[in-house]
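So this block is start_36.cif, mmCIF, C-alpha atoms and all ligand atoms:
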```cif
data_work
loop_
_atom_site.label_atom_id
_atom_site.label_comp_id
_atom_site.auth_asym_id
_atom_site.auth_seq_id
_atom_site.Cartn_x
_atom_site.Cartn_y
_atom_site.Cartn_z
CA MET A 1333 0.00 0.00 0.00
CA GLU A 1334 2.79 2.32 1.04
CA SER A 1335 4.82 1.65 -2.10
CA GLN A 1336 1.71 2.07 -4.26
CA THR A 1337 1.22 5.62 -2.93
CA VAL A 1338 4.87 6.47 -3.60
CA LYS A 1339 4.50 5.12 -7.11
CA TRP A 1340 1.48 7.32 -7.74
CA LYS A 1341 3.27 10.32 -6.29
CA HIS A 1342 6.17 9.74 -8.65
CA TYR A 1343 3.82 9.25 -11.51
CA PHE A 1344 2.03 12.49 -10.70
CA LEU A 1345 5.27 14.43 -10.34
CA TYR A 1346 6.51 13.00 -13.60
CA LEU A 1347 3.34 14.04 -15.42
CA ALA A 1348 3.51 17.51 -13.90
CA PHE A 1349 7.11 17.79 -15.08
CA ILE A 1350 6.25 16.76 -18.64
CA TYR A 1351 3.30 19.13 -18.66
CA ALA A 1352 5.47 21.99 -17.44
CA ILE A 1353 7.98 21.37 -20.21
CA LEU A 1354 5.30 21.22 -22.85
CA TYR A 1355 3.69 24.37 -21.49
CA PHE A 1356 7.05 26.09 -21.50
CA LEU A 1357 7.79 25.11 -25.09
CA HIS A 1358 4.38 26.05 -26.33
CA THR A 1359 4.16 29.46 -24.75
CA ASN A 1360 7.55 31.04 -24.48
CA LEU A 1361 11.09 30.41 -23.52
CA LEU A 1362 13.02 33.08 -21.75
CA LEU A 1363 16.49 33.96 -22.87
CA ASN A 1364 18.09 37.05 -21.35
CA ASN A 1365 14.60 37.83 -20.06
CA ARG A 1366 13.25 38.15 -23.58
CA PRO A 1367 10.51 35.81 -24.65
CA ILE A 1368 11.36 33.55 -27.56
CA ARG A 1369 8.55 32.07 -29.55
CA ILE A 1370 8.72 28.81 -31.43
CA LYS A 1371 8.47 29.31 -35.17
CA LYS A 1372 5.08 28.62 -36.75
CA TRP A 1373 5.21 26.51 -39.90
CA PRO A 1374 2.83 26.73 -42.82
CA HIS A 1375 0.99 23.69 -44.05
CA LEU A 1376 3.48 21.92 -46.33
CA PRO A 1377 4.16 20.95 -49.07
CA LEU A 1378 3.17 23.92 -51.17
CA ARG A 1379 0.61 22.71 -53.66
CA PHE A 1380 -1.82 23.82 -56.33
CA ARG A 1381 -5.41 24.44 -55.28
CA HIS A 1382 -8.38 22.24 -56.11
CA ASP A 1383 -9.17 24.66 -58.96
CA GLY A 1384 -5.76 24.00 -60.54
CA THR A 1385 -4.16 27.36 -59.75
CA PHE A 1386 -1.28 28.61 -57.63
CA LYS A 1387 -0.91 32.34 -57.03
CA ILE A 1388 2.24 34.18 -55.99
CA LEU A 1389 2.47 37.76 -54.83
CA GLN A 1390 5.83 39.39 -55.62
CA VAL A 1391 6.85 42.21 -53.31
CA ALA A 1392 9.90 44.10 -54.55
CA ASP A 1393 11.85 46.72 -52.61
CA MET A 1394 9.79 47.36 -49.50
CA HIS A 1395 12.71 49.48 -48.17
CA PHE A 1396 11.27 49.29 -44.66
CA GLY A 1397 13.01 51.48 -42.10
CA SER A 1398 11.80 52.30 -38.59
CA GLY A 1399 8.05 52.41 -39.12
CA LEU A 1400 6.36 55.70 -38.33
CA LEU A 1401 9.72 57.50 -38.25
CA SER A 1402 10.63 56.58 -41.83
CA ARG A 1403 8.94 59.08 -44.09
CA CYS A 1404 7.75 58.39 -47.61
CA ARG A 1405 9.93 59.41 -50.51
CA ASP A 1406 8.70 60.83 -53.79
CA VAL A 1407 5.05 61.33 -52.89
CA LEU A 1408 2.98 64.44 -53.62
CA PRO A 1409 3.80 67.28 -51.18
CA SER A 1410 0.20 67.13 -49.95
CA HIS A 1411 0.70 63.47 -49.02
CA PHE A 1412 4.07 63.83 -47.38
CA HIS A 1413 2.86 64.72 -43.92
CA TYR A 1414 0.83 61.57 -43.30
CA CYS A 1415 3.02 59.07 -45.04
CA SER A 1416 5.53 56.61 -43.58
CA ASP A 1417 6.53 52.93 -43.57
CA LEU A 1418 3.05 52.29 -42.16
CA ASN A 1419 1.69 52.94 -45.66
CA THR A 1420 3.89 50.10 -46.91
CA THR A 1421 2.47 47.86 -44.18
CA ARG A 1422 -1.06 48.84 -45.11
CA PHE A 1423 -0.41 48.17 -48.81
CA LEU A 1424 0.97 44.70 -47.99
CA LYS A 1425 -2.09 43.87 -45.87
CA THR A 1426 -4.37 45.11 -48.63
CA MET A 1427 -2.62 43.07 -51.31
CA ILE A 1428 -2.80 39.91 -49.22
CA GLN A 1429 -6.52 40.41 -48.55
CA LEU A 1430 -7.34 41.33 -52.12
CA GLU A 1431 -5.36 38.74 -54.07
CA LYS A 1432 -5.33 35.94 -51.46
CA PRO A 1433 -2.02 34.53 -52.73
CA ASP A 1434 -0.84 31.01 -51.95
CA PHE A 1435 2.69 32.25 -51.47
CA VAL A 1436 4.50 35.59 -51.14
CA ALA A 1437 7.97 36.15 -52.64
CA PHE A 1438 9.98 39.14 -51.40
CA THR A 1439 12.68 39.99 -53.92
CA GLY A 1440 15.12 41.97 -51.81
CA ASP A 1441 15.73 45.39 -50.26
CA ASN A 1442 13.08 44.27 -47.84
CA ILE A 1443 14.53 46.63 -45.28
CA PHE A 1444 16.55 49.76 -45.87
CA GLY A 1445 19.55 49.47 -43.56
CA PRO A 1446 20.50 53.16 -43.31
CA SER A 1447 17.05 54.00 -41.88
CA THR A 1448 17.07 51.58 -38.98
CA THR A 1449 19.39 50.85 -36.08
CA ASP A 1450 17.80 47.49 -35.34
CA ALA A 1451 17.54 45.15 -38.32
CA ALA A 1452 15.57 42.54 -36.35
CA GLU A 1453 12.88 45.01 -35.41
CA SER A 1454 12.69 46.35 -38.94
CA LEU A 1455 12.35 42.81 -40.38
CA LEU A 1456 9.62 41.95 -37.88
CA SER A 1457 7.64 45.04 -38.87
CA ALA A 1458 8.29 44.66 -42.59
CA PHE A 1459 7.19 41.01 -42.72
CA GLY A 1460 4.54 41.48 -40.00
CA PRO A 1461 1.51 41.35 -42.32
CA VAL A 1462 2.62 38.16 -44.07
CA MET A 1463 3.45 36.46 -40.74
CA GLU A 1464 0.00 37.37 -39.42
CA SER A 1465 -1.68 36.07 -42.57
CA GLY A 1466 -0.26 32.57 -42.13
CA ILE A 1467 0.57 32.42 -45.84
CA PRO A 1468 3.91 30.74 -46.63
CA TRP A 1469 6.54 33.16 -47.85
CA ALA A 1470 10.20 33.43 -48.74
CA ALA A 1471 12.65 36.26 -49.23
CA VAL A 1472 15.94 36.95 -50.90
CA LEU A 1473 18.19 39.85 -49.96
CA GLY A 1474 18.89 43.00 -51.93
CA ASN A 1475 21.85 45.32 -51.61
CA HIS A 1476 20.41 47.42 -48.75
CA ASP A 1477 19.16 44.78 -46.29
CA GLN A 1478 22.54 44.32 -44.57
CA GLU A 1479 23.28 48.03 -44.09
CA SER A 1480 22.35 48.17 -40.40
CA SER A 1481 22.92 45.82 -37.46
CA MET A 1482 22.99 42.40 -39.18
CA THR A 1483 25.20 40.75 -41.79
CA ARG A 1484 23.63 38.97 -44.77
CA GLU A 1485 24.15 35.64 -43.04
CA GLU A 1486 22.47 36.87 -39.85
CA LEU A 1487 19.58 38.34 -41.82
CA MET A 1488 18.91 35.09 -43.65
CA SER A 1489 19.05 33.00 -40.49
CA PHE A 1490 16.73 35.44 -38.74
CA ILE A 1491 14.33 35.38 -41.69
CA SER A 1492 14.39 31.57 -41.76
CA LEU A 1493 13.20 31.57 -38.12
CA MET A 1494 10.27 33.90 -38.77
CA ASP A 1495 6.71 32.55 -38.76
CA TYR A 1496 5.63 30.81 -41.98
CA SER A 1497 8.87 31.61 -43.81
CA LEU A 1498 10.47 29.02 -46.07
CA GLY A 1499 14.12 29.55 -46.65
CA MET A 1500 17.26 27.55 -46.24
CA PHE A 1501 21.00 27.61 -46.29
CA LEU A 1502 23.16 26.03 -48.91
CA ASP A 1503 26.92 25.90 -48.82
CA ILE A 1504 27.49 27.98 -51.95
CA ASP A 1505 28.18 31.68 -52.54
CA GLY A 1506 25.70 34.04 -50.95
CA PHE A 1507 22.95 33.71 -48.40
CA GLY A 1508 19.49 32.74 -49.45
CA ASN A 1509 19.90 30.36 -52.38
CA TYR A 1510 17.22 27.70 -52.26
CA ASN A 1511 14.49 25.90 -54.16
CA LEU A 1512 10.90 25.23 -53.22
CA SER A 1513 8.63 22.70 -54.86
CA VAL A 1514 4.96 23.25 -55.57
CA TYR A 1515 3.11 19.95 -55.82
CA GLY A 1516 0.28 19.06 -58.18
CA ALA A 1517 -3.42 19.42 -57.37
CA PRO A 1518 -4.82 17.34 -54.49
CA GLY A 1519 -6.18 13.98 -55.56
CA SER A 1520 -4.37 14.01 -58.91
CA HIS A 1521 -1.56 11.64 -59.93
CA LEU A 1522 0.82 14.54 -59.50
CA ALA A 1523 -0.30 15.26 -55.93
CA ASN A 1524 3.06 14.12 -54.57
CA SER A 1525 5.29 15.46 -57.34
CA SER A 1526 6.70 18.89 -57.93
CA VAL A 1527 5.09 20.46 -60.98
CA LEU A 1528 6.36 23.99 -60.37
CA ASN A 1529 9.80 24.71 -58.93
CA LEU A 1530 10.71 28.02 -57.41
CA PHE A 1531 14.40 28.96 -57.39
CA PHE A 1532 15.72 31.74 -55.16
CA LEU A 1533 19.18 33.16 -55.76
CA ASP A 1534 21.27 35.67 -53.86
CA SER A 1535 22.45 38.30 -56.35
CA GLY A 1536 24.74 39.86 -53.72
CA ASP A 1537 25.20 43.50 -52.77
CA ARG A 1538 28.24 45.45 -53.89
CA GLU A 1539 31.61 44.35 -55.20
CA THR A 1540 34.77 46.00 -56.45
CA VAL A 1541 36.11 44.79 -59.78
CA GLN A 1542 39.58 46.04 -60.76
CA GLY A 1543 39.19 48.98 -58.42
CA VAL A 1544 35.77 49.97 -59.70
CA ARG A 1545 32.67 49.62 -57.51
CA THR A 1546 29.79 47.73 -59.03
CA TYR A 1547 26.82 45.61 -57.98
CA GLY A 1548 26.99 41.96 -57.00
CA TRP A 1549 26.29 39.09 -59.37
CA ILE A 1550 25.30 35.43 -59.27
CA LYS A 1551 28.43 33.31 -58.93
CA GLU A 1552 29.51 30.12 -60.67
CA SER A 1553 28.87 27.98 -57.56
CA GLN A 1554 25.28 29.22 -57.51
CA LEU A 1555 24.82 28.48 -61.21
CA ASN A 1556 26.28 24.99 -60.69
CA TRP A 1557 23.79 24.41 -57.90
CA LEU A 1558 20.95 25.72 -60.09
CA ARG A 1559 21.94 23.37 -62.92
CA SER A 1560 22.07 20.32 -60.67
CA ALA A 1561 18.88 21.13 -58.72
CA SER A 1562 17.01 21.73 -61.96
CA ARG A 1563 18.34 18.49 -63.48
CA GLU A 1564 17.44 16.46 -60.38
CA LEU A 1565 13.92 17.85 -60.28
CA GLN A 1566 13.43 17.19 -63.99
CA VAL A 1567 14.62 13.59 -63.51
CA GLN A 1568 12.10 13.15 -60.68
CA ASN A 1569 9.48 14.41 -63.09
CA GLN A 1570 10.58 11.91 -65.72
CA GLU A 1571 10.12 9.12 -63.20
CA VAL A 1572 6.55 10.24 -62.59
CA LYS A 1573 6.09 10.24 -66.33
CA TYR A 1574 7.10 6.59 -66.36
CA VAL A 1575 4.63 5.75 -63.59
CA ILE A 1576 1.64 7.28 -65.35
CA LYS A 1577 1.96 5.45 -68.65
CA THR A 1578 -1.52 6.29 -69.79
CA GLN A 1579 -1.20 10.05 -69.62
CA PRO A 1580 1.97 11.88 -70.57
CA VAL A 1581 3.25 14.24 -67.90
CA ASP A 1582 4.12 17.76 -68.90
CA ALA A 1583 7.73 18.80 -68.40
CA SER A 1584 8.28 20.69 -65.16
CA ALA A 1585 8.09 24.43 -65.15
CA ALA A 1586 10.09 26.70 -62.89
CA LEU A 1587 10.29 30.35 -61.87
CA ALA A 1588 13.29 32.18 -60.44
CA PHE A 1589 13.53 35.10 -58.04
CA PHE A 1590 16.46 37.39 -57.31
CA HIS A 1591 17.12 41.07 -56.69
CA ILE A 1592 19.63 42.59 -59.12
CA PRO A 1593 18.87 42.42 -62.86
CA ILE A 1594 21.34 40.71 -65.19
CA PRO A 1595 23.19 42.89 -67.76
CA GLU A 1596 21.12 41.61 -70.71
CA VAL A 1597 17.99 43.24 -69.24
CA ARG A 1598 19.41 46.52 -70.67
CA GLN A 1599 18.81 45.24 -74.20
CA LEU A 1600 15.08 45.14 -73.49
CA TYR A 1601 14.98 48.92 -73.88
CA TYR A 1602 14.82 48.34 -77.64
CA GLN A 1603 12.00 45.84 -77.49
CA LYS A 1604 8.26 46.07 -77.21
CA LEU A 1605 7.48 45.67 -73.53
CA VAL A 1606 4.47 45.34 -71.28
CA GLY A 1607 4.99 47.88 -68.50
CA ARG A 1608 7.33 50.80 -67.86
CA PHE A 1609 11.01 51.19 -68.62
CA GLY A 1610 11.36 54.14 -66.27
CA GLU A 1611 15.08 54.23 -65.50
CA GLY A 1612 18.43 52.77 -66.48
CA VAL A 1613 19.04 49.15 -65.49
CA ALA A 1614 21.40 49.17 -62.49
CA CYS A 1615 23.29 45.90 -62.74
CA SER A 1616 26.74 44.49 -62.25
CA SER A 1617 29.56 45.14 -64.70
CA VAL A 1618 30.20 41.40 -64.55
CA ASN A 1619 28.19 39.08 -66.76
CA SER A 1620 28.44 35.69 -65.09
CA GLY A 1621 26.36 33.81 -67.67
CA VAL A 1622 23.03 33.64 -65.85
CA LEU A 1623 21.01 33.92 -69.06
CA LYS A 1624 23.07 31.20 -70.76
CA THR A 1625 22.51 28.91 -67.76
CA LEU A 1626 18.76 29.59 -67.67
CA VAL A 1627 18.47 28.87 -71.39
CA SER A 1628 20.40 25.62 -70.99
CA ILE A 1629 18.38 24.23 -68.07
CA LYS A 1630 15.10 24.85 -69.94
CA ASP A 1631 12.63 24.70 -67.04
CA VAL A 1632 12.78 28.34 -65.86
CA LYS A 1633 10.11 30.22 -67.81
CA ALA A 1634 10.27 33.55 -66.01
CA VAL A 1635 12.52 35.46 -63.63
CA PHE A 1636 11.23 38.05 -61.17
CA ILE A 1637 13.56 40.83 -60.11
CA GLY A 1638 13.52 44.17 -58.29
CA HIS A 1639 16.18 46.82 -57.59
CA ASP A 1640 15.08 49.48 -60.12
CA HIS A 1641 11.89 50.85 -58.57
CA THR A 1642 10.49 52.72 -61.54
CA ASN A 1643 10.96 49.80 -63.94
CA ASP A 1644 8.01 47.42 -63.80
CA PHE A 1645 8.10 45.79 -67.22
CA CYS A 1646 8.25 42.22 -68.45
CA GLY A 1647 10.51 41.54 -71.42
CA ASN A 1648 11.67 38.38 -73.12
CA LEU A 1649 15.30 37.39 -73.55
CA GLU A 1650 15.97 34.22 -75.54
CA GLY A 1651 12.62 32.74 -74.54
CA ILE A 1652 12.86 33.60 -70.86
CA TRP A 1653 10.79 36.38 -69.33
CA PHE A 1654 12.37 38.94 -67.02
CA CYS A 1655 9.79 40.83 -64.99
CA TYR A 1656 10.35 43.63 -62.53
CA GLY A 1657 8.06 43.77 -59.53
CA GLY A 1658 7.99 47.59 -59.48
CA GLY A 1659 8.66 49.61 -56.32
CA PHE A 1660 6.42 48.52 -53.44
CA GLY A 1661 7.69 50.45 -50.43
CA TYR A 1662 6.97 54.09 -49.65
CA HIS A 1663 10.35 54.73 -48.05
CA GLY A 1664 12.11 53.62 -51.23
CA TYR A 1665 12.69 56.10 -54.04
CA GLY A 1666 10.04 56.32 -56.73
CA ARG A 1667 8.61 59.02 -58.92
CA ILE A 1668 6.11 61.61 -57.77
CA GLY A 1669 2.71 60.73 -59.19
CA LEU A 1670 3.69 57.11 -59.88
CA ALA A 1671 1.74 54.75 -57.61
CA ARG A 1672 3.56 52.05 -55.60
CA ARG A 1673 2.84 48.62 -57.03
CA ALA A 1674 3.06 44.86 -56.67
CA ARG A 1675 3.15 41.96 -59.10
CA VAL A 1676 0.93 38.89 -59.06
CA ILE A 1677 1.93 35.64 -60.79
CA LEU A 1678 -0.67 32.97 -61.51
CA ALA A 1679 0.25 29.44 -62.60
CA GLU A 1680 -2.56 27.30 -64.03
CA LEU A 1681 -2.60 23.55 -64.51
CA ARG A 1682 -3.72 21.70 -67.60
CA LYS A 1683 -7.00 19.87 -67.30
CA GLY A 1684 -6.50 16.23 -68.34
CA ASP A 1685 -9.29 13.76 -69.09
CA LYS A 1686 -10.07 13.14 -65.44
CA GLU A 1687 -7.70 15.24 -63.36
CA TRP A 1688 -5.32 18.17 -63.19
CA MET A 1689 -1.96 17.64 -64.90
CA GLY A 1690 1.20 19.78 -65.06
CA VAL A 1691 1.50 23.54 -65.55
CA GLU A 1692 -0.21 24.82 -68.68
CA ARG A 1693 0.03 28.58 -68.37
CA ILE A 1694 1.80 31.30 -66.40
CA LYS A 1695 0.14 34.70 -66.22
CA THR A 1696 1.05 37.94 -64.50
CA TRP A 1697 -0.43 41.35 -63.73
CA LYS A 1698 0.23 44.23 -61.37
CA ARG A 1699 -1.81 46.11 -58.81
CA LEU A 1700 -1.33 49.78 -58.07
CA ASP A 1701 -1.75 51.27 -54.62
CA ASP A 1702 -4.25 53.82 -55.92
CA GLU A 1703 -7.86 54.38 -54.86
CA ASN A 1704 -9.09 51.48 -57.02
CA LEU A 1705 -6.12 49.16 -56.48
CA SER A 1706 -6.06 49.14 -60.28
CA LYS A 1707 -5.15 45.92 -62.01
CA ILE A 1708 -2.84 46.65 -64.93
CA ASP A 1709 -0.66 45.02 -67.58
CA GLU A 1710 -2.15 41.54 -67.45
CA GLN A 1711 -0.31 39.19 -69.78
CA VAL A 1712 0.34 35.51 -70.43
CA LEU A 1713 4.05 34.80 -69.99
CA TRP A 1714 4.15 31.17 -70.96
CA GLU A 1715 1.84 28.53 -72.32
CA LEU A 1716 2.37 24.85 -72.92
CA SER A 1717 2.90 24.51 -76.65
CA PRO A 1718 -0.13 22.91 -78.31
CA SER A 1719 2.14 20.62 -80.37
CA ARG A 1720 2.91 18.60 -77.24
C1 LIG A 1801 -0.64 56.91 -46.06
O1 LIG A 1801 -1.54 56.46 -45.08
C2 LIG A 1801 -2.33 57.50 -44.52
C3 LIG A 1801 -3.12 56.92 -43.36
O2 LIG A 1801 -3.80 55.75 -43.77
C4 LIG A 1801 -3.21 58.08 -45.60
O3 LIG A 1801 -4.00 59.14 -45.07
C5 LIG A 1801 -2.32 58.62 -46.72
O4 LIG A 1801 -3.12 59.09 -47.79
C6 LIG A 1801 -1.39 57.54 -47.22
N1 LIG A 1801 -0.48 58.13 -48.18
C7 LIG A 1801 -0.29 57.63 -49.39
C8 LIG A 1801 0.66 58.39 -50.27
O5 LIG A 1801 -0.83 56.61 -49.79
C1 LIG A 1802 0.29 10.95 -52.12
O1 LIG A 1802 0.65 10.76 -50.76
C2 LIG A 1802 -0.46 10.48 -49.92
C3 LIG A 1802 0.02 10.43 -48.48
O2 LIG A 1802 1.28 9.84 -48.39
C4 LIG A 1802 -1.10 9.16 -50.37
O3 LIG A 1802 -2.22 8.88 -49.58
C5 LIG A 1802 -1.52 9.29 -51.83
O4 LIG A 1802 -2.02 8.07 -52.31
C6 LIG A 1802 -0.37 9.71 -52.71
N1 LIG A 1802 -0.85 10.00 -54.05
C7 LIG A 1802 -0.18 9.65 -55.16
C8 LIG A 1802 -0.84 9.98 -56.44
O5 LIG A 1802 0.92 9.12 -55.13
C1 LIG A 1803 15.04 21.15 -53.86
O1 LIG A 1803 15.53 20.39 -54.95
C2 LIG A 1803 16.00 19.09 -54.62
C3 LIG A 1803 16.60 18.52 -55.85
O2 LIG A 1803 17.86 19.09 -56.06
C4 LIG A 1803 14.86 18.28 -54.05
O3 LIG A 1803 15.30 16.99 -53.71
C5 LIG A 1803 14.31 18.99 -52.84
O4 LIG A 1803 13.18 18.30 -52.37
C6 LIG A 1803 13.91 20.41 -53.16
N1 LIG A 1803 13.60 21.11 -51.94
C7 LIG A 1803 12.39 21.61 -51.66
C8 LIG A 1803 12.22 22.25 -50.35
O5 LIG A 1803 11.48 21.56 -52.45
C1 LIG A 1804 -11.21 54.76 -59.94
O1 LIG A 1804 -12.42 54.34 -60.49
C2 LIG A 1804 -13.36 55.42 -60.70
C3 LIG A 1804 -14.66 54.82 -61.16
O2 LIG A 1804 -14.46 53.85 -62.17
C4 LIG A 1804 -12.75 56.40 -61.70
O3 LIG A 1804 -13.63 57.48 -61.91
C5 LIG A 1804 -11.43 56.91 -61.17
O4 LIG A 1804 -10.80 57.75 -62.12
C6 LIG A 1804 -10.50 55.75 -60.85
N1 LIG A 1804 -9.28 56.25 -60.21
C7 LIG A 1804 -8.07 55.90 -60.59
C8 LIG A 1804 -6.93 56.48 -59.84
O5 LIG A 1804 -7.86 55.12 -61.50
#
```
So, in terms of structure tokens, how does the structure I just supplied come out?
Amino acid sequence: MESQTVKWKHYFLYLAFIYAILYFLHTNLLLNNRPIRIKKWPHLPLRFRHDGTFKILQVADMHFGSGLLSRCRDVLPSHFHYCSDLNTTRFLKTMIQLEKPDFVAFTGDNIFGPSTTDAAESLLSAFGPVMESGIPWAAVLGNHDQESSMTREELMSFISLMDYSLGMFLDIDGFGNYNLSVYGAPGSHLANSSVLNLFFLDSGDRETVQGVRTYGWIKESQLNWLRSASRELQVQNQEVKYVIKTQPVDASAALAFFHIPIPEVRQLYYQKLVGRFGEGVACSSVNSGVLKTLVSIKDVKAVFIGHDHTNDFCGNLEGIWFCYGGGFGYHGYGRIGLARRARVILAELRKGDKEWMGVERIKTWKRLDDENLSKIDEQVLWELSPSR
């Protein structure tokens, strides 16, 4: 009887201990008296919806500083007084509510280093709306993100710990090179296969080449990684093709995201474009062969960039689309009278005899932060060729 009571006491204490640990982990840990929350994860894998679509919101150049203290640049004088980073936050919330994207891609200069003394705080405010929405998201860095209290490496590890973010580390040049797979529609044969691959590359910040300062570029190690990741994913797709003998599987499609345009984007000035070519293309003096690599790997249909805020066009180079997101943030430079904007990318699946198949079409449009949240420049970027 005696020993039985002791046993129960131990049992109770043990349960209480386990409960305390679980409670501790689920609410908050204290480190240096600051609460630390456990990261919230989105529902994974990323996949197409039941209606065969997957929508991405591209946010380029938020240039977030210190919130209310960071005033808007290049707005009408009558607007200046009541305009700050909070307008950027409001625009992000609005875009998320309006477009209901499945994923948000931030293409760099998310924060503007010189306007904040605490990068962590600035990142938390900048990405606040997307963390609250619970929508999975990922970010690459621009050339301004690291200009305050964190290095590029610290920024990427901080971002990778933020709620609902998807980002990783690879042992190649730069911080923030990674791929994400978007699986086929639920219930289809492709439900467990990647039909759309998203590649994120770090285009660096600044470099000095033979004594001359220029912008960063995508390095050979990154291109090697891109080639092998793309090949591996296409092989996986081939294997699926073998499994479903009755219905051919469409080749995989991919999209890429980085901050600084490649030098060839300059040539687009002479072509017919959808959107604005509002300023010179600020790119590196080094051409590291990104376009050649993209052409050779075949799956990347479109690349989404930022950096030049008043460029928001899509242009085609050797079969691959290069689209600017257009300046999103109010603390970033712009042009007076030109509304801040965001890009939306919609991938649509092909309807087979009985189920959704691979990607059939990739569309894009932009939304302006004007009174009507005007939808402009809608275009089809890529379509599965009918001669399949
Ligand atoms: C910024 O937000 C304030 C408050 O919502 C609003 O009154 C103002 O018009 C906005 N400014 C711009 C340029 O959108
Ligand atoms: C996908 O995976 C789920 C869970 O593992 C399984 O139930 C389903 O049958 C799989 N579907 C296909 C098409 O492989
Ligand atoms: C990234 O690509 C590799 C192939 O190189 C693949 O095995 C892996 O699952 C992909 N990662 C994600 C998160 O989709
Ligand atoms: C918004 O829509 C209204 C009604 O269609 C129109 O009169 C107005 O000019 C539009 N504003 C902008 C900025 O496009």
List as a PyMOL selection string the protein and nucleic acid residues near Gly1638 (chain A), meaning an atom at most 6 Å away when only C-alpha atoms are counted, but skip any in the same chain fewer than 4 places from it. chain A and resi 1392+1591+1656-1657
I need the residue nearest ligand LIG 1804 (chain A) from this list: A:Val1572, A:Leu1705, A:Cys1615, A:Leu1713. Use all atoms listed in the file for the distance. A:Leu1705
Test item: residues lying within 10 Å of ligand LIG 1802 (chain A) with all atoms listed in the file, as a list of chain:residue names: A:Gly1516, A:Ala1517, A:Pro1518, A:Gly1519, A:Ser1520, A:His1521, A:Leu1522, A:Ala1523, A:Asn1524, A:Ser1525, A:Val1572, A:Val1575, A:Ile1576
At most 9 Å from ligand LIG 1801 (chain A) (all atoms listed in the file): residue list as a list in words: Cys1404, Val1407, Leu1408, Ser1410, His1411, Phe1412, His1413, Tyr1414, Cys1415, Ser1416, Asp1417, Leu1418, Asn1419, Thr1420, Arg1422, Phe1423, Tyr1662, Ala1671, Arg1672, Asp1701, Asp1702 and Glu1703 of chain A
I need the residue nearest His1395 (chain A) from this list: A:Leu1378, A:Val1606, A:Ile1443, A:Ala1561. Use all atoms listed in the file for the distance.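 Ranked by minimum distance to His1395 (chain A), first place goes to A:Ile1443.
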Starting from the point (21.0, 46.5, -43.6), work out which residues of protein, DNA or RNA have an atom no more than 9 Å away when counting only C-alpha atoms; state them as a PyMOL selection string. chain A and resi 1441+1443-1451+1475-1484+1487
Which of A:Tyr1515, A:Phe1654, A:Phe1590, A:Phe1609 sits closest to Asp1534 (chain A) [using all atoms listed in the file]: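 Under the stated criterion, the closest residue is A:Phe1590.
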With only C-alpha atoms and all ligand atoms counted, collect every polymer residue having an atom within 7 Å of ligand LIG 1803 (chain A); state the result as a list of chain:residue names.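 Written in the requested form, the residues are A:Asn1511, A:Leu1512, A:Ser1513, A:Ser1560, A:Ala1561, A:Ser1562, A:Glu1564, A:Leu1565.
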Around (6.2, 43.5, -73.4) in the file's own coordinates, what residues are found within 7 Å if you use all atoms listed in the file, given back as a list in words? Lys1604, Leu1605, Val1606, Gly1607, Phe1645, Cys1646 and Gly1647 of chain A
For a test of reading the model, state the distance in Å between CA of Trp1653 (chain A) and CA of Leu1678 (chain A), rounded to one decimal.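 Result for CA of Trp1653 (chain A) versus CA of Leu1678 (chain A): 14.3 Å, one decimal.
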Please compute the CA of Lys1371 (chain A)-CA of Lys1387 (chain A) distance, one decimal, in Å.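 We find that CA of Lys1371 (chain A) and CA of Lys1387 (chain A) lie 24.0 Å from each other.
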